[in-house]
$ cat work25.cif   # mmCIF, C-alpha atoms
data_entry
#
loop_
_atom_site.group_PDB
_atom_site.id
_atom_site.type_symbol
_atom_site.label_atom_id
_atom_site.label_comp_id
_atom_site.auth_asym_id
_atom_site.auth_seq_id
_atom_site.Cartn_x
_atom_site.Cartn_y
_atom_site.Cartn_z
ATOM 1 C CA MET A 1 -23.766 42.823 -8.531
ATOM 2 C CA ASN A 2 -23.459 40.985 -11.831
ATOM 3 C CA ARG A 3 -21.440 37.794 -12.220
ATOM 4 C CA LEU A 4 -18.578 39.427 -14.094
ATOM 5 C CA CYS A 5 -17.952 41.812 -11.214
ATOM 6 C CA LYS A 6 -18.086 38.937 -8.726
ATOM 7 C CA ILE A 7 -15.585 36.979 -10.795
ATOM 8 C CA ARG A 8 -13.317 40.036 -10.884
ATOM 9 C CA GLU A 9 -13.472 40.264 -7.086
ATOM 10 C CA LEU A 10 -12.680 36.567 -6.799
ATOM 11 C CA GLN A 11 -9.715 36.916 -9.178
ATOM 12 C CA ARG A 12 -8.370 39.812 -7.142
ATOM 13 C CA ALA A 13 -8.724 37.723 -3.967
ATOM 14 C CA VAL A 14 -6.805 34.818 -5.538
ATOM 15 C CA ASN A 15 -4.069 37.206 -6.710
ATOM 16 C CA LEU A 16 -3.769 38.669 -3.213
ATOM 17 C CA PHE A 17 -3.587 35.176 -1.703
ATOM 18 C CA GLU A 18 -0.811 34.276 -4.135
ATOM 19 C CA ARG A 19 1.192 37.375 -3.212
ATOM 20 C CA ASN A 20 0.812 36.487 0.477
ATOM 21 C CA LEU A 21 1.849 32.871 -0.231
ATOM 22 C CA GLU A 22 4.954 34.045 -2.112
ATOM 23 C CA LYS A 23 5.930 36.402 0.712
ATOM 24 C CA SER A 24 5.510 33.839 3.459
ATOM 25 C CA HIS A 25 6.672 30.633 1.722
ATOM 26 C CA GLY A 26 8.559 31.646 -1.426
ATOM 27 C CA LEU A 27 6.249 29.746 -3.779
ATOM 28 C CA SER A 28 3.809 30.878 -6.415
ATOM 29 C CA LEU A 29 0.331 29.387 -6.329
ATOM 30 C CA ASN A 30 1.124 27.235 -9.385
ATOM 31 C CA GLU A 31 4.303 25.975 -7.722
ATOM 32 C CA ALA A 32 2.429 25.079 -4.525
ATOM 33 C CA MET A 33 -0.345 23.369 -6.484
ATOM 34 C CA THR A 34 2.273 21.405 -8.452
ATOM 35 C CA LEU A 35 3.836 20.182 -5.207
ATOM 36 C CA CYS A 36 0.380 19.180 -3.908
ATOM 37 C CA LEU A 37 -0.379 17.295 -7.101
ATOM 38 C CA LEU A 38 2.959 15.464 -7.184
ATOM 39 C CA ASN A 39 2.538 14.618 -3.519
ATOM 40 C CA GLU A 40 -0.891 13.098 -4.244
ATOM 41 C CA LYS A 41 -0.211 11.405 -7.586
ATOM 42 C CA GLY A 42 3.488 10.549 -7.463
ATOM 43 C CA ARG A 43 5.541 10.691 -10.658
ATOM 44 C CA LEU A 44 3.932 12.588 -13.570
ATOM 45 C CA SER A 45 5.055 13.845 -16.955
ATOM 46 C CA ALA A 46 5.141 17.547 -17.762
ATOM 47 C CA GLY A 47 2.145 17.073 -20.051
ATOM 48 C CA GLU A 48 0.135 15.312 -17.365
ATOM 49 C CA LEU A 49 0.945 18.035 -14.850
ATOM 50 C CA GLY A 50 -0.006 20.746 -17.324
ATOM 51 C CA GLN A 51 -3.316 19.055 -18.054
ATOM 52 C CA LEU A 52 -4.193 18.458 -14.423
ATOM 53 C CA LEU A 53 -3.292 22.031 -13.454
ATOM 54 C CA GLU A 54 -4.811 23.464 -16.640
ATOM 55 C CA LEU A 55 -1.558 25.228 -17.562
ATOM 56 C CA THR A 56 -0.218 25.865 -21.027
ATOM 57 C CA ASP A 57 2.881 23.879 -21.984
ATOM 58 C CA SER A 58 4.934 27.045 -21.605
ATOM 59 C CA ASN A 59 3.599 27.827 -18.118
ATOM 60 C CA ALA A 60 3.998 24.225 -16.978
ATOM 61 C CA SER A 61 7.601 24.280 -18.180
ATOM 62 C CA LYS A 62 8.304 27.510 -16.261
ATOM 63 C CA VAL A 63 6.770 26.160 -13.062
ATOM 64 C CA LEU A 64 8.685 22.883 -13.319
ATOM 65 C CA SER A 65 11.971 24.673 -14.060
ATOM 66 C CA SER A 66 11.493 26.954 -11.075
ATOM 67 C CA LEU A 67 10.693 24.088 -8.709
ATOM 68 C CA GLU A 68 13.632 22.079 -10.033
ATOM 69 C CA ARG A 69 16.012 25.019 -9.454
ATOM 70 C CA LYS A 70 14.678 25.268 -5.896
ATOM 71 C CA GLY A 71 15.334 21.549 -5.364
ATOM 72 C CA MET A 72 11.650 20.830 -4.701
ATOM 73 C CA ILE A 73 11.168 18.298 -7.506
ATOM 74 C CA GLU A 74 13.291 15.672 -9.227
ATOM 75 C CA ARG A 75 13.373 14.900 -12.935
ATOM 76 C CA SER A 76 13.771 11.408 -14.375
ATOM 77 C CA ILE A 77 13.836 9.951 -17.870
ATOM 78 C CA GLY A 78 11.087 7.567 -18.968
ATOM 79 C CA GLU A 79 11.993 3.898 -18.919
ATOM 80 C CA THR A 80 10.298 2.947 -22.185
ATOM 81 C CA ASP A 81 10.524 6.293 -23.996
ATOM 82 C CA LYS A 82 13.770 8.077 -23.214
ATOM 83 C CA ARG A 83 12.369 11.294 -24.715
ATOM 84 C CA ARG A 84 9.754 11.635 -21.958
ATOM 85 C CA MET A 85 10.591 13.380 -18.724
ATOM 86 C CA PHE A 86 8.852 12.654 -15.461
ATOM 87 C CA PHE A 87 8.770 14.678 -12.279
ATOM 88 C CA ALA A 88 8.367 13.707 -8.636
ATOM 89 C CA ILE A 89 8.380 15.686 -5.437
ATOM 90 C CA SER A 90 11.758 15.642 -3.666
ATOM 91 C CA ASN A 91 12.364 15.312 0.065
ATOM 92 C CA GLU A 92 12.922 19.061 0.172
ATOM 93 C CA GLY A 93 9.650 19.639 -1.690
ATOM 94 C CA SER A 94 7.778 17.343 0.701
ATOM 95 C CA ALA A 95 9.221 19.211 3.672
ATOM 96 C CA LYS A 96 8.265 22.545 2.122
ATOM 97 C CA LEU A 97 4.739 21.340 1.429
ATOM 98 C CA LYS A 98 4.365 20.147 5.023
ATOM 99 C CA SER A 99 5.659 23.488 6.290
ATOM 100 C CA ILE A 100 3.044 25.499 4.435
ATOM 101 C CA ASP A 101 0.479 26.513 6.964
ATOM 102 C CA CYS A 102 -2.188 28.377 5.075
ATOM 103 C CA SER A 103 -3.548 29.653 8.364
ATOM 104 C CA THR A 104 -0.472 31.904 8.453
ATOM 105 C CA VAL A 105 -1.177 33.210 4.943
ATOM 106 C CA THR A 106 -3.761 35.949 4.821
ATOM 107 C CA VAL A 107 -6.763 34.698 2.886
ATOM 108 C CA PRO A 108 -8.964 37.492 1.555
ATOM 109 C CA GLU A 109 -12.528 37.356 2.864
ATOM 110 C CA LYS A 110 -14.122 36.689 -0.541
ATOM 111 C CA LEU A 111 -11.866 33.693 -1.053
ATOM 112 C CA SER A 112 -12.199 32.508 2.519
ATOM 113 C CA GLU A 113 -15.976 32.256 2.111
ATOM 114 C CA LEU A 114 -15.490 29.784 -0.751
ATOM 115 C CA ILE A 115 -12.849 27.547 0.816
ATOM 116 C CA GLU A 116 -14.091 27.194 4.388
ATOM 117 C CA GLU A 117 -14.060 23.548 5.375
#

$ encode --input "work25.cif" --output "structure tokens"
Amino acid sequence: MNRLCKIRELQRAVNLFERNLEKSHGLSLNEAMTLCLLNEKGRLSAGELGQLLELTDSNASKVLSSLERKGMIERSIGETDKRRMFFAISNEGSAKLKSIDCSTVTVPEKLSELIEE
């Protein structure tokens, strides 16, 4: 099988995993990855998050807005530059992140082969 077909299969596996994650935990993959990143790095700006997650500014904004509405992250204004916004994981977001047990989310076989620890 050529590489393009393998990549297509991998993309389909990631999409299926995301649907399963949304059903079981109410978070998109980008939302869950944002919580993981904020948990690891602490307070980050929207631009930093977008860069680290490789999201467009528009997608990063949508993910942050969604997580903020869900109470999973907190927004603060920059100390030196009041125009900059920073985001940090909230207590609710930390609890949600801890509650995510990926062993309860069906991981497609193709994806499972790549992420086995």

$ residues_around --input "work25.cif" --residues "segment 42-54 of chain A" --least-positions-apart "6" --cutoff "9 Å" --atoms "all atoms listed in the file" --output "PyMOL selection string"
chain A and resi 30+33-34+60-61+64+78+84-89

$ atom_distance --input "work25.cif" --atom1 "atom CA of Ile7 of chain A" --atom2 "atom CA of Leu21 of chain A"
20.8 Å

$ closest_residue --input "work25.cif" --among "A:Asn2, A:Ser66, A:Asn91, A:Asn39" --to "Leu27 of chain A" --atoms "only C-alpha atoms"
A:Ser66

$ atom_distance --input "work25.cif" --atom1 "atom CA of Gly26 of chain A" --atom2 "atom CA of Leu55 of chain A"
20.1 Å

$ closest_residue --input "work25.cif" --among "A:Ser76, A:Asn20, A:Ser94, A:Ser28" --to "Lys62 of chain A" --atoms "all atoms listed in the file"
A:Ser28

$ decode --input "work25.cif" --residues "segment 36-62 of chain A" --atoms "N, CA, C and O atoms" --output "tab-separated table (two decimals), in the first residue's frame"
chain	number	residue	atom	x	y	z
A	36	CYS	N	-3.93	19.30	28.16
A	36	CYS	CA	-2.64	18.63	28.45
A	36	CYS	C	-1.49	19.62	28.40
A	36	CYS	O	-0.63	19.63	29.29
A	37	LEU	N	-1.50	20.46	27.39
A	37	LEU	CA	-0.42	21.43	27.22
A	37	LEU	C	-0.41	22.46	28.35
A	37	LEU	O	0.65	22.76	28.92
A	38	LEU	N	-1.57	22.98	28.70
A	38	LEU	CA	-1.65	23.95	29.80
A	38	LEU	C	-1.27	23.30	31.13
A	38	LEU	O	-0.65	23.94	31.98
A	39	ASN	N	-1.62	22.05	31.29
A	39	ASN	CA	-1.25	21.33	32.50
A	39	ASN	C	0.27	21.18	32.60
A	39	ASN	O	0.84	21.30	33.67
A	40	GLU	N	0.93	20.94	31.47
A	40	GLU	CA	2.38	20.76	31.44
A	40	GLU	C	3.14	22.09	31.54
A	40	GLU	O	4.13	22.20	32.25
A	41	LYS	N	2.67	23.10	30.80
A	41	LYS	CA	3.44	24.33	30.64
A	41	LYS	C	3.00	25.46	31.57
A	41	LYS	O	3.72	26.43	31.75
A	42	GLY	N	1.78	25.38	32.09
A	42	GLY	CA	1.27	26.48	32.91
A	42	GLY	C	0.57	27.51	32.04
A	42	GLY	O	-0.10	27.17	31.07
A	43	ARG	N	0.75	28.76	32.36
A	43	ARG	CA	0.08	29.87	31.68
A	43	ARG	C	0.72	30.15	30.32
A	43	ARG	O	1.93	30.33	30.22
A	44	LEU	N	-0.11	30.19	29.26
A	44	LEU	CA	0.37	30.46	27.91
A	44	LEU	C	-0.56	31.44	27.20
A	44	LEU	O	-1.75	31.50	27.50
A	45	SER	N	-0.02	32.16	26.26
A	45	SER	CA	-0.85	33.06	25.45
A	45	SER	C	-1.55	32.24	24.37
A	45	SER	O	-1.16	31.10	24.07
A	46	ALA	N	-2.55	32.84	23.76
A	46	ALA	CA	-3.27	32.17	22.67
A	46	ALA	C	-2.31	31.86	21.52
A	46	ALA	O	-2.36	30.77	20.94
A	47	GLY	N	-1.42	32.79	21.22
A	47	GLY	CA	-0.46	32.57	20.15
A	47	GLY	C	0.49	31.43	20.44
A	47	GLY	O	0.79	30.61	19.57
A	48	GLU	N	0.95	31.35	21.68
A	48	GLU	CA	1.85	30.26	22.07
A	48	GLU	C	1.13	28.91	21.98
A	48	GLU	O	1.69	27.94	21.48
A	49	LEU	N	-0.10	28.87	22.45
A	49	LEU	CA	-0.89	27.64	22.37
A	49	LEU	C	-1.09	27.22	20.92
A	49	LEU	O	-0.91	26.05	20.57
A	50	GLY	N	-1.46	28.19	20.08
A	50	GLY	CA	-1.67	27.89	18.67
A	50	GLY	C	-0.42	27.34	18.01
A	50	GLY	O	-0.48	26.37	17.25
A	51	GLN	N	0.72	27.94	18.32
A	51	GLN	CA	1.98	27.47	17.76
A	51	GLN	C	2.31	26.06	18.24
A	51	GLN	O	2.67	25.20	17.44
A	52	LEU	N	2.21	25.84	19.52
A	52	LEU	CA	2.56	24.53	20.08
A	52	LEU	C	1.63	23.42	19.60
A	52	LEU	O	2.05	22.27	19.44
A	53	LEU	N	0.37	23.76	19.37
A	53	LEU	CA	-0.60	22.77	18.89
A	53	LEU	C	-0.72	22.75	17.37
A	53	LEU	O	-1.45	21.95	16.82
A	54	GLU	N	0.01	23.66	16.72
A	54	GLU	CA	-0.03	23.80	15.27
A	54	GLU	C	-1.45	24.05	14.76
A	54	GLU	O	-1.92	23.42	13.83
A	55	LEU	N	-2.13	25.01	15.42
A	55	LEU	CA	-3.48	25.42	15.04
A	55	LEU	C	-3.41	26.81	14.43
A	55	LEU	O	-2.57	27.62	14.81
A	56	THR	N	-4.33	27.09	13.52
A	56	THR	CA	-4.44	28.45	13.01
A	56	THR	C	-4.95	29.33	14.14
A	56	THR	O	-5.50	28.84	15.14
A	57	ASP	N	-4.78	30.64	13.99
A	57	ASP	CA	-5.28	31.57	15.01
A	57	ASP	C	-6.77	31.38	15.23
A	57	ASP	O	-7.25	31.40	16.36
A	58	SER	N	-7.49	31.19	14.14
A	58	SER	CA	-8.94	31.01	14.21
A	58	SER	C	-9.31	29.74	14.98
A	58	SER	O	-10.18	29.76	15.86
A	59	ASN	N	-8.64	28.63	14.67
A	59	ASN	CA	-8.93	27.38	15.38
A	59	ASN	C	-8.54	27.46	16.85
A	59	ASN	O	-9.27	26.97	17.71
A	60	ALA	N	-7.39	28.07	17.13
A	60	ALA	CA	-6.97	28.22	18.52
A	60	ALA	C	-8.00	29.04	19.30
A	60	ALA	O	-8.36	28.68	20.43
A	61	SER	N	-8.50	30.09	18.69
A	61	SER	CA	-9.51	30.93	19.33
A	61	SER	C	-10.78	30.14	19.63
A	61	SER	O	-11.36	30.26	20.71
A	62	LYS	N	-11.21	29.32	18.68
A	62	LYS	CA	-12.42	28.50	18.88
A	62	LYS	C	-12.23	27.50	20.00
A	62	LYS	O	-13.12	27.31	20.83
